[in-house]
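K.L.:
One structure coming up, written as structure tokens, with questions to follow.
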Amino acid sequence: MKKALITGINGQDGSYLAELLLEKGYKVYGLMRRKSKVDFGNVKHLKNDIEIIYGDMTDPISLINAMKISQADEVYNLAAQSFVATSWEQPIATAEIDGIGVTNMLEAIRTIKPEARFYQASTSEMFGLVQEIPQKETTPFYPRSPYGVAKLYGHWITKNYRESYGMFACSGILFNHESERRGKEFVTRKITDAVARIKLGLQDPLELGNMDAKRDWGHAKDYVKAMWLMLQQDEADDYVVATGETHKVREFVELAFKHVGIEVQWQGEGVDEIAIDKATGKTVVSVNPKFFRPAEVDILLGSPKKAEEKLGWEREISFEELVKRMILSDLERVKEEA
Ligand code: NAP
Ligand code: G4F
């Protein structure tokens, strides 16, 4: 039986990856931080199938301990301070968790089980002010947030340990991927949660920031398959995982409202822009400058060519299906809560 250690197991991707590995017959260990209240987050339903090890990416001893206990054959490093906006408010914590934390994990592997295979959760945020469209593995990086900068360190240290010590260490440069389990601070889930509430008459207009930003959005369930595939190859390498499509935040808003039978009409420009419900004339979306970032990533669009050709990876869930799944799940949940 293969053994896997997933850091950040209670996050969005951690939960989908744990399900995938359990289906494949792995023994799954998950690293989780201690909280003041016991909370298994997105893996509540897997509590009895996985083994939780308490630890923190900033505490090297706890990672050594996690490797000793799990003796993992495969380590998936998904733990991170993953919200870009927060990285300006907590730049040092972000660097310690998302940057140095990667070295802490690599050193724990090197000390306890150097032959273990390692996956690093790199990100399209490293492309930031994009140097070419679409972005691929060879596109130069230009991060635009403390998060992007910290992740770039994690990316390079992974490559460096591969080249320095011959470790089987891979980075997946994943573009935005969302799901019904996405944190509500991220724009997609913020939209679907609000649209469900507005439909049920439980919320005032949704306030957003930059609606012109373009993102390459896929579903997390598809993306964790690429992580696993990377660690099954003969050689370690880095791969872009993306859909090859990009959409504005505004398009996501329109589609989410459409799924609950509301057609929106846009009026005004810049910070005065609003969306009204065409049928009632009521304002359903407005702009709040507090959601703009000190530096923005205007467009992300990835080329999944290498992952498709070398890993045989394919995304199965389209953009339209992603929005539909998220809004239906939020509608159901909000109805139950109400
Ligand atoms: P997520 O839902 O925010 O999950 C992050 C996980 O990391 C949570 O379980 C969190 O635990 C844990 N964590 C945070 N700080 C930690 C620390 N100091 N020690 C141990 N665990 C810690 O993020 P996600 O969307 O699943 O993303 C997974 C990874 O992929 C992240 O590294 C993210 O940066 C990267 N990524 C995500 C995307 C995307 O679009 N989703 C794209 C590219 C890359 P708590 O519950 O205790 O906070
Ligand atoms: O949903 P977001 O917060 O995701 P962002 O910043 O693209 O980061 C996500 O994807 C990265 C991969 O590219 C991951 F590495 C990272 O961990 C995370 O998962 O914002 C998306 C866009 C941004 O341009 C933002 O300015 O939406 C824009 N936006 C507009 N109004 C908003 C809002 N974002 C948020 N969170 N909230 C708003 O009200």
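All residue names refer to the structure tokens as shown: chains lettered A, B, ... in order, residues numbered from 1 in each chain, ligands numbered from 1 in order.
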Do you know which residues are within 6 Å of ligand 1 using only C-alpha atoms and all ligand atoms? Can you write them as a ChimeraX atom specification?

P.N.:
/A:8-14,32-33,56-58,78-82,97,121-123,174-178

K.L.:
Suppose we keep C-alpha atoms; can you now write the selection as a PDB file, in the first residue's frame?

P.N.:
ATOM      1  CA  GLY A   8      -3.079  21.502   3.851  1.00  0.00           C
ATOM      2  CA  ILE A   9      -5.345  18.461   3.693  1.00  0.00           C
ATOM      3  CA  ASN A  10      -8.357  20.356   5.081  1.00  0.00           C
ATOM      4  CA  GLY A  11      -8.175  22.999   2.323  1.00  0.00           C
ATOM      5  CA  GLN A  12      -9.987  22.867  -1.015  1.00  0.00           C
ATOM      6  CA  ASP A  13      -7.376  20.913  -3.002  1.00  0.00           C
ATOM      7  CA  GLY A  14      -6.276  18.783  -0.036  1.00  0.00           C
ATOM      8  CA  MET A  32      -3.120  20.090   9.837  1.00  0.00           C
ATOM      9  CA  ARG A  33      -2.540  23.096  12.095  1.00  0.00           C
ATOM     10  CA  ASP A  56       2.900  23.682  10.860  1.00  0.00           C
ATOM     11  CA  MET A  57       4.881  24.594   7.753  1.00  0.00           C
ATOM     12  CA  THR A  58       6.898  27.087   9.787  1.00  0.00           C
ATOM     13  CA  LEU A  78      -0.528  22.095  -0.602  1.00  0.00           C
ATOM     14  CA  ALA A  79      -0.364  24.097   2.643  1.00  0.00           C
ATOM     15  CA  ALA A  80      -0.165  27.846   2.130  1.00  0.00           C
ATOM     16  CA  GLN A  81      -1.481  31.246   3.066  1.00  0.00           C
ATOM     17  CA  SER A  82      -3.305  31.114  -0.256  1.00  0.00           C
ATOM     18  CA  ILE A  97       4.627  29.613   5.173  1.00  0.00           C
ATOM     19  CA  ALA A 121       1.811  23.698  -5.299  1.00  0.00           C
ATOM     20  CA  SER A 122       3.211  26.456  -7.511  1.00  0.00           C
ATOM     21  CA  THR A 123       0.891  29.013  -9.053  1.00  0.00           C
ATOM     22  CA  LEU A 174      -1.655  25.611 -11.469  1.00  0.00           C
ATOM     23  CA  PHE A 175      -3.987  28.302 -12.765  1.00  0.00           C
ATOM     24  CA  ASN A 176      -7.068  29.282 -10.740  1.00  0.00           C
ATOM     25  CA  HIS A 177      -9.230  26.328  -9.810  1.00  0.00           C
ATOM     26  CA  GLU A 178     -12.421  26.586  -7.862  1.00  0.00           C
TER      27      GLU A 178
END

K.L.:
Could you name the residues that touch Gly281 of chain A at 10 Å or less, counting only C-alpha atoms, but leaving out those on the same chain fewer than 5 positions away, as a list in words?

P.N.:
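Everything that qualifies: Val264, Gln265, Ala275 and Ile276 of chain A.
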
K.L.:
Which is closer to ligand 2 than all the others in A:Val38, A:Met105, A:Val285, A:Val187, using only C-alpha atoms and all ligand atoms?

P.N.:
A:Val187

K.L.:
Can you tell me which residues come within 9 Å of ligand 2 when counting only C-alpha atoms and all ligand atoms, ideally as a PyMOL selection string?

P.N.:
chain A and resi 80-85+121-128+147-148+151+173-178+182+184-191+206-217+248-250+287-288+290-293+295-300

K.L.:
Could you tell me how far atom CA of Leu152 of chain A sits from atom CA of Thr103 of chain A, in Å to one decimal place?

P.N.:
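Separation between atom CA of Thr103 of chain A and atom CA of Leu152 of chain A: 12.4 Å.
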
K.L.:
Extract the full set of helix (DSSP H, G or I) residues from segment 96-307 of chain A according to DSSP on the backbone, and format it as a ChimeraX atom specification.

P.N.:
/A:96-112,124-126,146-165,187-199,220-230,249-259,270-272,289-291,305-307

K.L.:
Just asking: which residues within segment 106-223 of chain A are strand (DSSP E or B) according to DSSP, as an MDAnalysis selection string?

P.N.:
chainID A and resid 117:123 135 169:174 177:178 206:208 214:215 218:219

K.L.:
Using only C-alpha atoms, find each residue of segment 188-225 of chain A with at least one atom at most 12 Å away from an atom of segment 19-23 of chain A; report its shortest atom-to-atom pair and that distance in Å (one decimal), sort the rows by chain and rising residue number, and return the result as a Markdown table.

P.N.:
| residue | atom | partner | partner_atom | distance |
| --- | --- | --- | --- | --- |
| A:Ala220 | CA | A:Leu20 | CA | 11.6 |
| A:Lys221 | CA | A:Leu20 | CA | 8.7 |
| A:Asp222 | CA | A:Leu20 | CA | 10.3 |
| A:Tyr223 | CA | A:Leu20 | CA | 11.0 |
| A:Val224 | CA | A:Leu20 | CA | 7.8 |
| A:Lys225 | CA | A:Leu20 | CA | 7.6 |

K.L.:
Could you write out the selected residues, including N, CA, C and O atoms, as an mmCIF file, in the first residue's frame?

P.N.:
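Here's the written file out33.cif:
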data_model
loop_
_atom_site.group_PDB
_atom_site.id
_atom_site.type_symbol
_atom_site.label_atom_id
_atom_site.label_comp_id
_atom_site.auth_asym_id
_atom_site.auth_seq_id
_atom_site.Cartn_x
_atom_site.Cartn_y
_atom_site.Cartn_z
ATOM 1 N N ALA A 220 -11.289 22.223 -9.268
ATOM 2 C CA ALA A 220 -10.229 21.605 -8.455
ATOM 3 C C ALA A 220 -10.176 20.078 -8.616
ATOM 4 O O ALA A 220 -9.088 19.487 -8.567
ATOM 5 N N LYS A 221 -11.324 19.468 -8.838
ATOM 6 C CA LYS A 221 -11.361 18.005 -8.944
ATOM 7 C C LYS A 221 -10.515 17.527 -10.133
ATOM 8 O O LYS A 221 -9.834 16.501 -10.051
ATOM 9 N N ASP A 222 -10.548 18.281 -11.218
ATOM 10 C CA ASP A 222 -9.717 17.953 -12.383
ATOM 11 C C ASP A 222 -8.240 18.187 -12.082
ATOM 12 O O ASP A 222 -7.366 17.446 -12.525
ATOM 13 N N TYR A 223 -7.949 19.259 -11.302
ATOM 14 C CA TYR A 223 -6.555 19.681 -11.129
ATOM 15 C C TYR A 223 -5.761 18.751 -10.204
ATOM 16 O O TYR A 223 -4.558 18.572 -10.371
ATOM 17 N N VAL A 224 -6.450 18.130 -9.223
ATOM 18 C CA VAL A 224 -5.697 17.232 -8.328
ATOM 19 C C VAL A 224 -5.249 15.966 -9.078
ATOM 20 O O VAL A 224 -4.255 15.350 -8.703
ATOM 21 N N LYS A 225 -5.953 15.634 -10.162
ATOM 22 C CA LYS A 225 -5.529 14.468 -10.959
ATOM 23 C C LYS A 225 -4.160 14.747 -11.590
ATOM 24 O O LYS A 225 -3.317 13.862 -11.691
#

K.L.:
Could you check the closest approach to Glu74 of chain A for each of A:Trp266, A:Phe118, A:Phe257, A:Tyr26 and tell me which residue wins, using only C-alpha atoms?

P.N.:
A:Phe118

K.L.:
Can you work out the spacing between atom CA of Gly25 of chain A and atom CA of Ile64 of chain A in Å, to one decimal?

P.N.:
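Separation of atom CA of Gly25 of chain A and atom CA of Ile64 of chain A: 24.5 Å.
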
K.L.:
Using only C-alpha atoms, find the one residue out of A:Pro304, A:Gly30, A:Pro289, A:Gly312 that sits nearest to Gly172 of chain A.

P.N.:
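Closest candidate: A:Pro304.
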
K.L.:
Take atom CA of Thr139 of chain A and atom CA of Thr243 of chain A and report the distance between them in Å, one decimal.

P.N.:
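That distance, rounded to one decimal, is 16.7 Å.
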
K.L.:
With only C-alpha atoms as the counted atoms, please give the residues lying no more than 9 Å from Val149 of chain A, apart from itself and same-chain residues fewer than 3 positions off, as a PyMOL selection string.

P.N.:
chain A and resi 95+99+125-126+142-146+152-154
